[in-house]
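Undergrad: Supplied in structure tokens, the structure appears directly below.
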Amino acid sequence: MTNQTASSRPTHRIYAVTKNGSKKIWRSIGALWPHSDGKGFSHKLDCLPLNGAEIVIREIDAEAEEGAR
């Protein structure tokens, strides 16, 4: 089975979110791409959180990404 993505660039980032007191710490752990048929997603994880972190998927803000470089 092959899953073709609509784009070579990911559309979403995957984060592991943990709490340190009242502060939330967001760590990027991967990316997500929609399938070209619109019926699913492919994802790539760079690491897996083992500390009970919440996994959050957020749409990439292109302007914020450019400013971070």
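Residues in the structure tokens are numbered from 1 in each chain, the chains being A, B, ... in the order shown, and ligands are numbered from 1 in the order shown.
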Within 8 Å of Cys47 (chain A), counting only C-alpha atoms, which residues qualify if same-chain residues fewer than 2 places away don't, as a ChimeraX atom specification?
TA: /A:29-30,45,49
Undergrad: Would you mind exporting N, CA, C and O atoms of the selected residues as an mmCIF file, in the first residue's frame?
TA:
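File written: again_7.cif
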data_model
loop_
_atom_site.group_PDB
_atom_site.id
_atom_site.type_symbol
_atom_site.label_atom_id
_atom_site.label_comp_id
_atom_site.auth_asym_id
_atom_site.auth_seq_id
_atom_site.Cartn_x
_atom_site.Cartn_y
_atom_site.Cartn_z
ATOM 1 N N ILE A 29 7.997 17.225 17.757
ATOM 2 C CA ILE A 29 8.504 15.857 17.664
ATOM 3 C C ILE A 29 8.241 15.219 16.305
ATOM 4 O O ILE A 29 8.594 14.070 16.084
ATOM 5 N N GLY A 30 7.609 15.970 15.376
ATOM 6 C CA GLY A 30 7.354 15.384 14.073
ATOM 7 C C GLY A 30 6.518 16.274 13.178
ATOM 8 O O GLY A 30 6.280 17.445 13.491
ATOM 9 N N LEU A 45 7.547 10.829 12.940
ATOM 10 C CA LEU A 45 7.933 11.214 14.293
ATOM 11 C C LEU A 45 9.446 11.112 14.425
ATOM 12 O O LEU A 45 10.045 10.117 14.043
ATOM 13 N N PRO A 49 7.482 10.630 22.978
ATOM 14 C CA PRO A 49 7.536 11.040 24.375
ATOM 15 C C PRO A 49 7.179 9.868 25.282
ATOM 16 O O PRO A 49 6.231 9.130 25.020
#
Undergrad: Neighbours of Ser28 (chain A) within 7 Å (only C-alpha atoms; same-chain residues fewer than 4 positions away dropped), as a list of chain:residue names?
TA: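 Here the answer would be A:Arg13, A:Ile14, A:Tyr15, A:Ala16.
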Undergrad: Write out, as a compact mmCIF listing (two decimals), in the first residue's frame, the residues just selected, with N, CA and C atoms.
TA:
# COMPACT_ATOMS: atom_id res chain seq x y z
N ARG A 13 2.51 20.34 12.31
CA ARG A 13 3.58 19.91 13.21
C ARG A 13 2.97 19.07 14.32
N ILE A 14 3.74 18.12 14.80
CA ILE A 14 3.31 17.28 15.92
C ILE A 14 4.16 17.67 17.13
N TYR A 15 3.49 17.93 18.25
CA TYR A 15 4.17 18.38 19.46
C TYR A 15 3.88 17.44 20.63
N ALA A 16 4.84 17.34 21.54
CA ALA A 16 4.64 16.72 22.84
C ALA A 16 4.56 17.88 23.83
Undergrad: So which one's closest to Arg9 (chain A), A:Asp46, A:Phe41, A:Ile25, A:Trp33? Using only C-alpha atoms, please.
TA: A:Trp33
Undergrad: Measuring atom to atom with only C-alpha atoms, identify which of A:Lys44, A:Ala53, A:Thr18, A:Ser8 is nearest to Leu32 (chain A).
TA: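 Comparing A:Lys44, A:Ala53, A:Thr18, A:Ser8 against Leu32 (chain A), the winner is A:Lys44.
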Undergrad: Using DSSP on the backbone coordinates, identify the residues of region 16-66 of chain A assigned to strand (DSSP E); present them as an mmCIF file with C-alpha atoms, in the first residue's frame.
TA:
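This went into part-v7.cif:
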data_model
loop_
_atom_site.group_PDB
_atom_site.id
_atom_site.type_symbol
_atom_site.label_atom_id
_atom_site.label_comp_id
_atom_site.auth_asym_id
_atom_site.auth_seq_id
_atom_site.Cartn_x
_atom_site.Cartn_y
_atom_site.Cartn_z
ATOM 1 C CA ALA A 16 4.636 16.724 22.844
ATOM 2 C CA VAL A 17 3.218 19.099 25.455
ATOM 3 C CA THR A 18 4.192 18.762 29.115
ATOM 4 C CA LYS A 19 3.545 20.943 32.137
ATOM 5 C CA ASN A 20 6.136 22.442 34.457
ATOM 6 C CA LYS A 23 3.907 26.593 32.336
ATOM 7 C CA LYS A 24 3.340 24.375 29.288
ATOM 8 C CA ILE A 25 6.392 23.215 27.349
ATOM 9 C CA TRP A 26 5.856 22.463 23.650
ATOM 10 C CA ARG A 27 8.435 20.252 21.923
ATOM 11 C CA SER A 28 8.211 19.609 18.199
ATOM 12 C CA ILE A 29 8.504 15.857 17.664
ATOM 13 C CA GLY A 30 7.354 15.384 14.073
ATOM 14 C CA ALA A 31 5.303 16.436 11.070
ATOM 15 C CA LEU A 32 2.103 15.446 9.246
ATOM 16 C CA TRP A 33 1.072 15.468 5.564
ATOM 17 C CA PRO A 34 -2.423 14.925 4.116
ATOM 18 C CA PHE A 41 -2.565 11.493 6.699
ATOM 19 C CA SER A 42 1.038 10.348 6.820
ATOM 20 C CA HIS A 43 3.195 11.336 9.749
ATOM 21 C CA LYS A 44 6.862 11.206 10.665
ATOM 22 C CA LEU A 45 7.933 11.214 14.293
ATOM 23 C CA GLU A 54 -0.041 15.197 25.554
ATOM 24 C CA ILE A 55 0.361 14.786 21.767
ATOM 25 C CA VAL A 56 -0.899 17.859 19.887
ATOM 26 C CA ILE A 57 -1.107 18.370 16.127
ATOM 27 C CA ARG A 58 -1.210 21.986 14.918
ATOM 28 C CA GLU A 59 -1.446 23.476 11.450
#
